[in-house]
>>> print(open('upload.cif').read())   # mmCIF, C-alpha atoms (C1' of nucleotides)
data_target
loop_
_atom_site.group_PDB
_atom_site.id
_atom_site.type_symbol
_atom_site.label_atom_id
_atom_site.label_comp_id
_atom_site.auth_asym_id
_atom_site.auth_seq_id
_atom_site.Cartn_x
_atom_site.Cartn_y
_atom_site.Cartn_z
ATOM 1 C CA MET A 1 105.805 111.454 89.682
ATOM 2 C CA PRO A 2 109.002 110.920 87.882
ATOM 3 C CA GLU A 3 111.259 108.316 89.291
ATOM 4 C CA LEU A 4 114.295 106.981 87.473
ATOM 5 C CA PRO A 5 112.375 105.089 84.763
ATOM 6 C CA GLU A 6 110.239 108.136 83.988
ATOM 7 C CA VAL A 7 113.305 110.355 83.786
ATOM 8 C CA GLU A 8 115.059 107.820 81.582
ATOM 9 C CA THR A 9 111.999 107.586 79.328
ATOM 10 C CA THR A 10 111.862 111.374 79.118
ATOM 11 C CA LEU A 11 115.549 111.611 78.308
ATOM 12 C CA ARG A 12 115.238 109.069 75.516
ATOM 13 C CA GLY A 13 112.250 110.943 74.185
ATOM 14 C CA ILE A 14 113.919 114.329 73.975
ATOM 15 C CA SER A 15 117.524 113.372 73.222
ATOM 16 C CA LYS A 16 117.404 112.752 69.525
ATOM 17 C CA LYS A 17 115.166 115.739 68.958
ATOM 18 C CA ILE A 18 117.501 118.264 70.567
ATOM 19 C CA LEU A 19 120.970 116.843 69.932
ATOM 20 C CA ASN A 20 123.320 119.057 67.926
ATOM 21 C CA LYS A 21 120.774 121.843 67.797
ATOM 22 C CA GLN A 22 121.692 125.406 68.514
ATOM 23 C CA ILE A 23 119.780 127.408 71.087
ATOM 24 C CA ASN A 24 118.228 130.563 69.755
ATOM 25 C CA SER A 25 116.510 131.780 72.896
ATOM 26 C CA PHE A 26 115.462 130.846 76.391
ATOM 27 C CA GLU A 27 112.099 132.066 77.629
ATOM 28 C CA PRO A 28 111.291 131.660 81.307
ATOM 29 C CA ARG A 29 107.780 132.466 82.455
ATOM 30 C CA THR A 30 108.381 132.091 86.168
ATOM 31 C CA GLU A 31 110.921 133.623 88.531
ATOM 32 C CA LYS A 32 111.614 130.407 90.286
ATOM 33 C CA LEU A 33 110.913 126.721 90.363
ATOM 34 C CA ARG A 34 112.416 124.986 93.343
ATOM 35 C CA TRP A 35 115.134 127.621 93.254
ATOM 36 C CA PRO A 36 115.259 130.994 91.529
ATOM 37 C CA ILE A 37 116.089 130.694 87.844
ATOM 38 C CA ASN A 38 119.459 132.268 87.200
ATOM 39 C CA LYS A 39 118.991 135.702 85.704
ATOM 40 C CA ASN A 40 121.919 135.204 83.346
ATOM 41 C CA LEU A 41 120.472 132.029 81.897
ATOM 42 C CA LYS A 42 119.111 133.732 78.795
ATOM 43 C CA LYS A 43 122.522 135.065 77.944
ATOM 44 C CA PHE A 44 124.232 131.847 79.024
ATOM 45 C CA LEU A 45 122.146 129.673 76.709
ATOM 46 C CA LYS A 46 122.069 131.952 73.672
ATOM 47 C CA ASN A 47 123.837 130.328 70.702
ATOM 48 C CA LYS A 48 124.994 127.309 72.721
ATOM 49 C CA LYS A 49 124.774 123.921 71.081
ATOM 50 C CA VAL A 50 123.386 120.813 72.776
ATOM 51 C CA CYS A 51 126.252 118.359 72.417
ATOM 52 C CA SER A 52 124.861 115.495 74.482
ATOM 53 C CA ALA A 53 122.230 114.650 77.064
ATOM 54 C CA GLU A 54 122.565 112.257 79.947
ATOM 55 C CA ARG A 55 120.929 111.156 83.175
ATOM 56 C CA ARG A 56 122.374 111.002 86.660
ATOM 57 C CA GLY A 57 119.877 109.621 89.129
ATOM 58 C CA LYS A 58 116.770 111.651 88.447
ATOM 59 C CA TYR A 59 118.688 114.561 87.032
ATOM 60 C CA ILE A 60 118.946 115.292 83.322
ATOM 61 C CA ILE A 61 122.166 116.963 82.246
ATOM 62 C CA LEU A 62 122.415 118.765 78.945
ATOM 63 C CA ASN A 63 126.038 119.136 77.955
ATOM 64 C CA LEU A 64 126.371 122.311 75.941
ATOM 65 C CA SER A 65 129.139 123.556 73.707
ATOM 66 C CA LYS A 66 130.257 125.428 76.810
ATOM 67 C CA GLY A 67 128.839 124.631 80.212
ATOM 68 C CA HIS A 68 125.956 122.419 81.252
ATOM 69 C CA LEU A 69 122.295 122.650 82.096
ATOM 70 C CA LEU A 70 120.875 120.632 84.951
ATOM 71 C CA ILE A 71 117.179 119.744 84.832
ATOM 72 C CA HIS A 72 115.152 118.054 87.544
ATOM 73 C CA LEU A 73 111.475 117.211 87.094
ATOM 74 C CA GLY A 74 110.599 117.313 90.778
ATOM 75 C CA MET A 75 107.242 115.669 91.462
ATOM 76 C CA SER A 76 105.259 116.815 88.464
ATOM 77 C CA GLY A 77 107.646 118.104 85.808
ATOM 78 C CA LYS A 78 107.459 117.132 82.140
ATOM 79 C CA LEU A 79 109.582 117.895 79.115
ATOM 80 C CA ARG A 80 108.260 118.015 75.587
ATOM 81 C CA VAL A 81 109.804 118.826 72.248
ATOM 82 C CA PHE A 82 107.705 120.133 69.393
ATOM 83 C CA ASN A 83 108.111 122.154 66.258
ATOM 84 C CA LYS A 84 104.911 124.120 66.123
ATOM 85 C CA PRO A 85 105.062 126.803 68.782
ATOM 86 C CA THR A 86 101.758 127.023 70.637
ATOM 87 C CA GLU A 87 100.635 129.638 73.095
ATOM 88 C CA PRO A 88 102.147 128.587 76.428
ATOM 89 C CA LYS A 89 99.532 127.482 78.914
ATOM 90 C CA LYS A 90 99.469 127.829 82.654
ATOM 91 C CA HIS A 91 102.227 125.783 84.328
ATOM 92 C CA GLU A 92 104.333 125.716 81.172
ATOM 93 C CA HIS A 93 107.203 127.487 82.835
ATOM 94 C CA TRP A 94 109.948 127.731 80.275
ATOM 95 C CA ASP A 95 110.904 127.185 76.648
ATOM 96 C CA ILE A 96 114.254 126.598 75.040
ATOM 97 C CA ASN A 97 113.858 127.574 71.406
ATOM 98 C CA PHE A 98 116.259 126.203 68.834
ATOM 99 C CA THR A 99 117.388 127.945 65.675
ATOM 100 C CA ASP A 100 115.557 125.380 63.515
ATOM 101 C CA GLY A 101 112.187 126.297 65.014
ATOM 102 C CA TRP A 102 111.862 123.424 67.474
ATOM 103 C CA THR A 103 111.132 124.049 71.148
ATOM 104 C CA LEU A 104 111.939 122.181 74.367
ATOM 105 C CA ARG A 105 109.155 123.066 76.793
ATOM 106 C CA TYR A 106 108.945 122.429 80.543
ATOM 107 C CA THR A 107 105.614 121.935 82.317
ATOM 108 C CA ASP A 108 105.336 121.552 86.072
ATOM 109 C CA ILE A 109 102.167 122.027 88.103
ATOM 110 C CA ARG A 110 103.844 121.975 91.478
ATOM 111 C CA LYS A 111 107.039 123.824 90.605
ATOM 112 C CA PHE A 112 109.241 121.403 92.524
ATOM 113 C CA GLY A 113 111.523 120.963 89.557
ATOM 114 C CA ALA A 114 114.808 122.714 88.916
ATOM 115 C CA LEU A 115 116.719 124.373 86.123
ATOM 116 C CA ILE A 116 120.299 125.166 86.961
ATOM 117 C CA LYS A 117 123.258 126.392 84.981
ATOM 118 C CA ILE A 118 126.568 124.759 85.694
ATOM 119 C CA ASP A 119 129.887 126.262 84.710
ATOM 120 C CA THR A 120 132.158 123.683 86.288
ATOM 121 C CA LYS A 121 132.262 119.919 85.906
ATOM 122 C CA PRO A 122 128.727 118.638 86.532
ATOM 123 C CA ASP A 123 129.765 115.810 88.830
ATOM 124 C CA GLN A 124 131.314 118.327 91.182
ATOM 125 C CA HIS A 125 128.116 120.286 91.539
ATOM 126 C CA LYS A 126 126.763 120.085 95.058
ATOM 127 C CA LEU A 127 123.529 118.454 93.902
ATOM 128 C CA LEU A 128 125.397 115.689 92.110
ATOM 129 C CA LYS A 129 128.666 115.132 93.896
ATOM 130 C CA ASN A 130 127.278 113.126 96.807
ATOM 131 C CA LEU A 131 124.930 110.943 94.797
ATOM 132 C CA GLY A 132 125.272 107.198 95.311
ATOM 133 C CA PRO A 133 125.839 104.711 92.494
ATOM 134 C CA GLU A 134 123.383 104.248 89.652
ATOM 135 C CA PRO A 135 121.102 101.321 90.488
ATOM 136 C CA LEU A 136 121.486 99.991 86.954
ATOM 137 C CA GLY A 137 125.251 100.403 86.940
ATOM 138 C CA ASN A 138 127.879 97.785 87.767
ATOM 139 C CA SER A 139 128.942 99.212 91.108
ATOM 140 C CA PHE A 140 125.492 98.679 92.568
ATOM 141 C CA ASN A 141 125.200 95.070 93.709
ATOM 142 C CA GLY A 142 124.594 92.891 96.738
ATOM 143 C CA GLU A 143 128.093 93.384 98.043
ATOM 144 C CA TYR A 144 127.777 97.163 97.931
ATOM 145 C CA LEU A 145 124.366 97.090 99.574
ATOM 146 C CA PHE A 146 125.657 94.767 102.276
ATOM 147 C CA SER A 147 128.525 97.105 103.062
ATOM 148 C CA VAL A 148 126.367 100.232 103.306
ATOM 149 C CA THR A 149 123.705 98.573 105.448
ATOM 150 C CA ARG A 150 126.116 97.538 108.197
ATOM 151 C CA LYS A 151 125.634 99.531 111.402
ATOM 152 C CA LYS A 152 122.718 101.442 109.893
ATOM 153 C CA THR A 153 119.755 101.549 112.232
ATOM 154 C CA ARG A 154 117.267 103.176 109.897
ATOM 155 C CA PRO A 155 114.678 101.087 108.067
ATOM 156 C CA ILE A 156 115.807 99.574 104.786
ATOM 157 C CA LYS A 157 113.166 101.402 102.778
ATOM 158 C CA ASN A 158 114.424 104.763 104.022
ATOM 159 C CA LEU A 159 117.963 103.689 103.158
ATOM 160 C CA ILE A 160 117.312 102.691 99.548
ATOM 161 C CA MET A 161 115.347 105.889 98.998
ATOM 162 C CA ASP A 162 118.358 107.921 100.125
ATOM 163 C CA ALA A 163 119.912 109.290 96.937
ATOM 164 C CA ASN A 164 123.328 109.308 98.557
ATOM 165 C CA VAL A 165 123.123 105.541 99.058
ATOM 166 C CA VAL A 166 121.720 104.662 95.655
ATOM 167 C CA THR A 167 120.306 107.272 93.345
ATOM 168 C CA GLY A 168 116.988 107.157 91.558
ATOM 169 C CA VAL A 169 114.936 104.785 93.711
ATOM 170 C CA GLY A 170 111.751 106.611 94.673
ATOM 171 C CA ASN A 171 108.720 105.585 96.641
ATOM 172 C CA ILE A 172 106.946 103.450 94.059
ATOM 173 C CA TYR A 173 109.913 101.319 93.121
ATOM 174 C CA ALA A 174 111.188 101.066 96.691
ATOM 175 C CA ASN A 175 107.857 99.470 97.622
ATOM 176 C CA GLU A 176 107.926 97.198 94.592
ATOM 177 C CA ALA A 177 111.537 96.108 94.993
ATOM 178 C CA LEU A 178 111.111 95.265 98.676
ATOM 179 C CA PHE A 179 108.097 93.141 97.838
ATOM 180 C CA LEU A 180 109.999 91.358 95.106
ATOM 181 C CA ALA A 181 112.901 90.706 97.467
ATOM 182 C CA GLY A 182 110.587 89.536 100.270
ATOM 183 C CA ILE A 183 111.898 92.088 102.752
ATOM 184 C CA ARG A 184 109.777 94.231 105.070
ATOM 185 C CA PRO A 185 110.200 97.947 104.526
ATOM 186 C CA ARG A 186 110.667 98.639 108.234
ATOM 187 C CA LYS A 187 113.374 96.054 108.715
ATOM 188 C CA GLN A 188 116.494 97.622 110.162
ATOM 189 C CA SER A 189 119.143 97.979 107.510
ATOM 190 C CA ARG A 190 121.848 96.314 109.609
ATOM 191 C CA ARG A 191 119.656 93.252 110.069
ATOM 192 C CA LEU A 192 119.736 92.414 106.370
ATOM 193 C CA SER A 193 121.688 89.289 105.543
ATOM 194 C CA LYS A 194 124.093 89.055 102.633
ATOM 195 C CA THR A 195 121.419 87.105 100.784
ATOM 196 C CA ASN A 196 118.846 89.809 101.555
ATOM 197 C CA CYS A 197 121.179 92.391 100.049
ATOM 198 C CA GLU A 198 121.755 90.336 96.945
ATOM 199 C CA ASP A 199 118.021 89.760 96.516
ATOM 200 C CA LEU A 200 117.240 93.420 97.066
ATOM 201 C CA SER A 201 119.857 94.787 94.699
ATOM 202 C CA ARG A 202 118.630 92.364 92.055
ATOM 203 C CA ALA A 203 115.007 93.335 92.743
ATOM 204 C CA ILE A 204 115.761 97.038 92.405
ATOM 205 C CA ARG A 205 117.547 96.463 89.126
ATOM 206 C CA GLN A 206 114.762 94.261 87.788
ATOM 207 C CA THR A 207 111.954 96.600 88.838
ATOM 208 C CA LEU A 208 113.587 99.637 87.274
ATOM 209 C CA THR A 209 114.525 97.803 84.100
ATOM 210 C CA GLU A 210 111.014 96.494 83.591
ATOM 211 C CA ALA A 211 109.536 99.921 84.238
ATOM 212 C CA ILE A 212 111.821 101.524 81.668
ATOM 213 C CA GLU A 213 110.840 98.884 79.136
ATOM 214 C CA ALA A 214 107.181 99.653 79.828
ATOM 215 C CA GLY A 215 107.794 103.352 79.318
ATOM 216 C CA GLY A 216 107.493 104.363 82.964
ATOM 217 C CA THR A 217 104.625 104.314 85.407
ATOM 218 C CA THR A 218 101.553 106.429 84.932
ATOM 219 C CA LEU A 219 99.714 107.030 88.168
ATOM 220 C CA LYS A 220 97.888 110.271 87.754
ATOM 221 C CA ASP A 221 99.236 112.270 84.920
ATOM 222 C CA TYR A 222 102.682 111.130 83.933
ATOM 223 C CA THR A 223 103.254 111.117 80.208
ATOM 224 C CA ASN A 224 106.506 110.768 78.358
ATOM 225 C CA ALA A 225 108.037 113.288 75.988
ATOM 226 C CA SER A 226 105.539 112.298 73.309
ATOM 227 C CA GLU A 227 102.638 112.600 75.740
ATOM 228 C CA ALA A 228 102.084 108.858 75.772
ATOM 229 C CA PRO A 229 101.324 107.345 79.173
ATOM 230 C CA GLY A 230 103.621 104.797 80.786
ATOM 231 C CA TYR A 231 102.352 101.255 80.994
ATOM 232 C CA PHE A 232 104.052 100.061 84.151
ATOM 233 C CA LYS A 233 101.059 100.675 86.405
ATOM 234 C CA LYS A 234 99.541 97.338 85.571
ATOM 235 C CA GLU A 235 102.744 95.721 86.787
ATOM 236 C CA LEU A 236 102.642 97.294 90.229
ATOM 237 C CA ARG A 237 102.213 94.607 92.855
ATOM 238 C CA VAL A 238 102.016 96.577 96.080
ATOM 239 C CA TYR A 239 102.188 100.322 95.488
ATOM 240 C CA ASP A 240 98.742 101.918 95.678
ATOM 241 C CA ARG A 241 97.250 98.546 96.625
ATOM 242 C CA GLY A 242 97.005 98.952 100.401
ATOM 243 C CA ASN A 243 94.382 96.651 101.998
ATOM 244 C CA LEU A 244 93.939 94.734 98.738
ATOM 245 C CA PRO A 245 94.909 91.051 98.526
ATOM 246 C CA CYS A 246 98.534 90.146 97.863
ATOM 247 C CA LEU A 247 98.868 88.935 94.294
ATOM 248 C CA THR A 248 101.118 86.114 95.460
ATOM 249 C CA CYS A 249 99.445 84.759 98.607
ATOM 250 C CA GLY A 250 96.137 86.566 98.919
ATOM 251 C CA ALA A 251 96.873 88.063 102.348
ATOM 252 C CA LYS A 252 95.675 91.610 102.945
ATOM 253 C CA LEU A 253 98.431 94.049 102.089
ATOM 254 C CA LYS A 254 99.461 96.351 104.937
ATOM 255 C CA LEU A 255 99.336 100.073 104.394
ATOM 256 C CA ILE A 256 101.561 102.127 106.663
ATOM 257 C CA LYS A 257 103.132 105.547 106.728
ATOM 258 C CA GLN A 258 106.887 105.451 106.789
ATOM 259 C CA ALA A 259 109.113 108.501 106.501
ATOM 260 C CA ASN A 260 105.950 110.376 105.546
ATOM 261 C CA ARG A 261 105.374 108.197 102.513
ATOM 262 C CA GLN A 262 102.782 105.637 101.588
ATOM 263 C CA THR A 263 104.280 102.230 102.249
ATOM 264 C CA VAL A 264 102.633 98.957 101.313
ATOM 265 C CA TYR A 265 103.850 95.449 101.995
ATOM 266 C CA CYS A 266 102.649 91.895 102.353
ATOM 267 C CA PRO A 267 102.858 90.701 105.969
ATOM 268 C CA VAL A 268 103.181 87.107 104.770
ATOM 269 C CA CYS A 269 105.541 87.313 101.783
ATOM 270 C CA GLN A 270 107.864 89.916 103.285
ATOM 271 C CA ASN A 271 109.950 89.230 106.390
ATOM 272 C "C1'" DC B 272 128.019 111.884 111.488
ATOM 273 C "C1'" DT B 273 123.110 110.109 111.522
ATOM 274 C "C1'" DG B 274 118.397 110.382 111.031
ATOM 275 C "C1'" DG B 275 113.912 112.641 111.228
ATOM 276 C "C1'" DT B 276 110.906 116.496 109.919
ATOM 277 C "C1'" DG B 277 109.282 120.672 107.575
ATOM 278 C "C1'" DA B 278 109.037 123.111 103.533
ATOM 279 C "C1'" DC B 279 108.446 124.118 98.726
ATOM 280 C "C1'" DC B 280 103.490 124.379 95.382
ATOM 281 C "C1'" DT B 281 99.249 123.150 93.092
ATOM 282 C "C1'" DG B 282 95.336 120.347 92.159
ATOM 283 C "C1'" DG B 283 92.355 116.543 93.116
ATOM 284 C "C1'" DC B 284 89.776 113.942 96.177
ATOM 285 C "C1'" DT B 285 87.052 113.075 100.544
ATOM 286 C "C1'" DG B 286 83.867 114.082 103.787
ATOM 287 C "C1'" DC B 287 81.203 117.370 106.425
ATOM 288 C "C1'" DT C 288 77.740 123.115 95.851
ATOM 289 C "C1'" DG C 289 81.066 124.843 98.977
ATOM 290 C "C1'" DC C 290 84.947 124.373 101.364
ATOM 291 C "C1'" DA C 291 88.374 122.806 104.763
ATOM 292 C "C1'" DG C 292 91.551 119.293 105.179
ATOM 293 C "C1'" DC C 293 94.395 115.855 103.486
ATOM 294 C "C1'" DC C 294 97.275 113.708 100.106
ATOM 295 C "C1'" DA C 295 100.585 113.118 96.075
ATOM 296 C "C1'" DG C 296 105.751 110.442 92.142
ATOM 297 C "C1'" DG C 297 111.158 114.406 95.244
ATOM 298 C "C1'" DT C 298 114.638 115.975 98.175
ATOM 299 C "C1'" DC C 299 117.094 119.927 100.234
ATOM 300 C "C1'" DA C 300 117.811 122.527 104.474
ATOM 301 C "C1'" DC C 301 117.630 122.375 109.001
ATOM 302 C "C1'" DC C 302 117.474 120.587 113.595
ATOM 303 C "C1'" DA C 303 118.245 117.353 117.531
#
>>> encode(input="upload.cif", output="structure tokens")
Amino acid sequence: MPELPEVETTLRGISKKILNKQINSFEPRTEKLRWPINKNLKKFLKNKKVCSAERRGKYIILNLSKGHLLIHLGMSGKLRVFNKPTEPKKHEHWDINFTDGWTLRYTDIRKFGALIKIDTKPDQHKLLKNLGPEPLGNSFNGEYLFSVTRKKTRPIKNLIMDANVVTGVGNIYANEALFLAGIRPRKQSRRLSKTNCEDLSRAIRQTLTEAIEAGGTTLKDYTNASEAPGYFKKELRVYDRGNLPCLTCGAKLKLIKQANRQTVYCPVCQN
DNA sequence: CTGGTGACCTGGCTGC
DNA sequence: TGCAGCCAGGTCACCA
């Protein structure tokens, strides 16, 4: 579910509601999500203040008065902040309760998300230290993409979905960006021209930016921190449209399986 | 080093 | 209706 725009939308939704608040208690209701939840986390979080919140790729980092908390939403995770504690339902795996009565609650049907305490500098954590540049940042551009595609034999879609090449581009937006750039997903990375790389980096930036402005994509059940759906779905041109006509030329969109993921492209518009 | 695959987990949908 | 089988937005760990 959550790709970069959904994570960004979530972060914006929770930030102002939790900033500068002090943590009263942490209540886990599961032993583990993707990894076991650190047993010292209750103690670690007690009385800590949330100084700032930021995003790195699809990770949310809460910077505390001492230490950091790393949150990943996996495939189905959601964060919500509310001030009237309700009885936690199934799949609502943890709460961070603040001293003013507000609660940050995590819901995740598939338990692919993560909650990790970090004592050192976050960017040196093994999950973060190898991440590629932010697709919306200045260091991600055609020149960068050109340099990392040289000598790479793997398909370009696999490459841009590799978080160590560029972080935050998931399946939906990889499909969309490749369509926008007119490049076939299976094209070998090293075969991309300089122009291809410039088009693709621009397409990735544009796709993500538009999705953030729309509040993320809602496919099945994504909602933002206020439980509102995202409105980007109506903007999707290829994802989830296999065998339907291309919105540009009318040709039947190809649906293939690539790297175990649904991949859709237009055989006419993309080369 | 590079690249491909399995695994994690649950629910929803399809088709028999 | 029931149920087996397949699929899903992510990505780490492991293997060749």
>>> closest_atom_pairs(input="upload.cif", of="chain B", to="chain A", cutoff="10 Å", atoms="only C-alpha atoms (C1' of nucleotides)", output="Markdown table")
| residue | atom | partner | partner_atom | distance |
| --- | --- | --- | --- | --- |
| B:DT273 | C1' | A:Lys152 | CA | 8.8 |
| B:DG274 | C1' | A:Arg154 | CA | 7.4 |
| B:DG275 | C1' | A:Ala259 | CA | 7.9 |
| B:DT276 | C1' | A:Ala259 | CA | 8.9 |
| B:DC279 | C1' | A:Arg34 | CA | 6.7 |
| B:DC280 | C1' | A:Arg110 | CA | 4.6 |
| B:DT281 | C1' | A:Arg110 | CA | 5.0 |
| B:DG282 | C1' | A:Ile109 | CA | 8.1 |
| B:DG283 | C1' | A:Lys220 | CA | 9.9 |
>>> interface_residues(input="upload.cif", of="chain A", to="chain C", cutoff="12 Å", atoms="only C-alpha atoms (C1' of nucleotides)", output="VMD selection string")
chain A and resid 1 to 7 34 to 35 57 to 59 72 to 77 110 to 114 126 to 127 131 161 to 164 167 to 174 216 to 222 239 to 240 260 to 262
>>> closest_residue(input="upload.cif", among="A:Phe179, A:Asn83, A:Lys16, A:Thr263", to="Leu247 (chain A)", atoms="only C-alpha atoms")
A:Phe179
>>> residues_around(input="upload.cif", residues="Arg186 (chain A)", least_positions_apart="6", cutoff="8 Å", atoms="only C-alpha atoms (C1' of nucleotides)", output="list in words")
Pro155, Ile156, Lys157 and Gln258 of chain A
>>> resolve_selection(input="upload.cif", expression="the PyMOL selection byres ((chain A and resi 9) around 9)", output="ChimeraX atom specification")
/A:4-8,10-14,212-213,215-216,224-225,230
>>> axis_aligned_box(input="upload.cif", around="region 273-282 of chain B", padding_each_side="6 Å", output="JSON")
{"center_x": 109.2, "center_y": 117.2, "center_z": 101.8, "size_x": 39.8, "size_y": 26.3, "size_z": 31.4}
>>> residues_near_point(input="upload.cif", point="(105.4, 94.7, 94.5)", cutoff="7 Å", atoms="all atoms listed in the file", output="list of chain:residue names")
A:Asn175, A:Glu176, A:Ala177, A:Phe179, A:Leu180, A:Leu236, A:Arg237, A:Val238, A:Tyr239
>>> write_last_selection(input="upload.cif", atoms="C-alpha atoms", output="PDB file, keeping the file's coordinate frame")
ATOM      1  CA  ASN A 175     107.857  99.470  97.622  1.00  0.00           C
ATOM      2  CA  GLU A 176     107.926  97.198  94.592  1.00  0.00           C
ATOM      3  CA  ALA A 177     111.537  96.108  94.993  1.00  0.00           C
ATOM      4  CA  PHE A 179     108.097  93.141  97.838  1.00  0.00           C
ATOM      5  CA  LEU A 180     109.999  91.358  95.106  1.00  0.00           C
ATOM      6  CA  LEU A 236     102.642  97.294  90.229  1.00  0.00           C
ATOM      7  CA  ARG A 237     102.213  94.607  92.855  1.00  0.00           C
ATOM      8  CA  VAL A 238     102.016  96.577  96.080  1.00  0.00           C
ATOM      9  CA  TYR A 239     102.188 100.322  95.488  1.00  0.00           C
TER      10      TYR A 239
END
>>> build_atoms(input="upload.cif", residues="region 120-126 of chain A", atoms="all heavy atoms", output="short mmCIF file (atom, residue, chain, number, x, y, z; two decimals), keeping the file's coordinate frame")
data_model
loop_
_atom_site.label_atom_id
_atom_site.label_comp_id
_atom_site.auth_asym_id
_atom_site.auth_seq_id
_atom_site.Cartn_x
_atom_site.Cartn_y
_atom_site.Cartn_z
N THR A 120 131.05 124.59 86.02
CA THR A 120 132.16 123.68 86.29
C THR A 120 131.82 122.28 85.79
O THR A 120 130.87 122.10 85.05
CB THR A 120 132.41 123.61 87.80
OG1 THR A 120 131.18 123.25 88.43
CG2 THR A 120 132.86 124.96 88.32
N LYS A 121 132.59 121.30 86.24
CA LYS A 121 132.26 119.92 85.91
C LYS A 121 130.98 119.53 86.63
O LYS A 121 130.89 119.72 87.85
CB LYS A 121 133.40 118.99 86.33
CG LYS A 121 134.59 118.98 85.40
CD LYS A 121 135.50 117.82 85.74
CE LYS A 121 136.50 117.58 84.62
NZ LYS A 121 137.40 116.44 84.91
N PRO A 122 130.02 118.95 85.91
CA PRO A 122 128.73 118.64 86.53
C PRO A 122 128.85 117.74 87.76
O PRO A 122 128.16 117.96 88.75
CB PRO A 122 127.96 117.93 85.42
CG PRO A 122 128.66 118.26 84.17
CD PRO A 122 130.07 118.60 84.50
N ASP A 123 129.73 116.75 87.70
CA ASP A 123 129.76 115.81 88.83
C ASP A 123 130.35 116.43 90.10
O ASP A 123 130.37 115.81 91.14
CB ASP A 123 130.50 114.51 88.44
CG ASP A 123 131.91 114.76 87.95
OD1 ASP A 123 132.38 115.92 88.06
OD2 ASP A 123 132.53 113.80 87.47
N GLN A 124 130.83 117.66 89.98
CA GLN A 124 131.31 118.33 91.18
C GLN A 124 130.29 119.30 91.74
O GLN A 124 130.50 119.91 92.78
CB GLN A 124 132.63 119.07 90.88
CG GLN A 124 133.80 118.11 90.84
CD GLN A 124 135.00 118.66 90.13
OE1 GLN A 124 135.11 119.87 89.97
NE2 GLN A 124 135.88 117.78 89.72
N HIS A 125 129.19 119.42 91.05
CA HIS A 125 128.12 120.29 91.54
C HIS A 125 127.55 119.70 92.82
O HIS A 125 127.45 118.48 92.98
CB HIS A 125 127.02 120.41 90.48
CG HIS A 125 126.01 121.46 90.82
ND1 HIS A 125 124.92 121.22 91.64
CD2 HIS A 125 125.94 122.78 90.48
CE1 HIS A 125 124.22 122.34 91.76
NE2 HIS A 125 124.80 123.29 91.09
N LYS A 126 127.18 120.59 93.74
CA LYS A 126 126.76 120.08 95.06
C LYS A 126 125.55 119.16 95.01
O LYS A 126 125.39 118.31 95.88
CB LYS A 126 126.51 121.25 96.02
CG LYS A 126 125.32 122.11 95.67
CD LYS A 126 124.99 123.07 96.82
CE LYS A 126 123.77 123.89 96.47
NZ LYS A 126 123.38 124.81 97.55
#
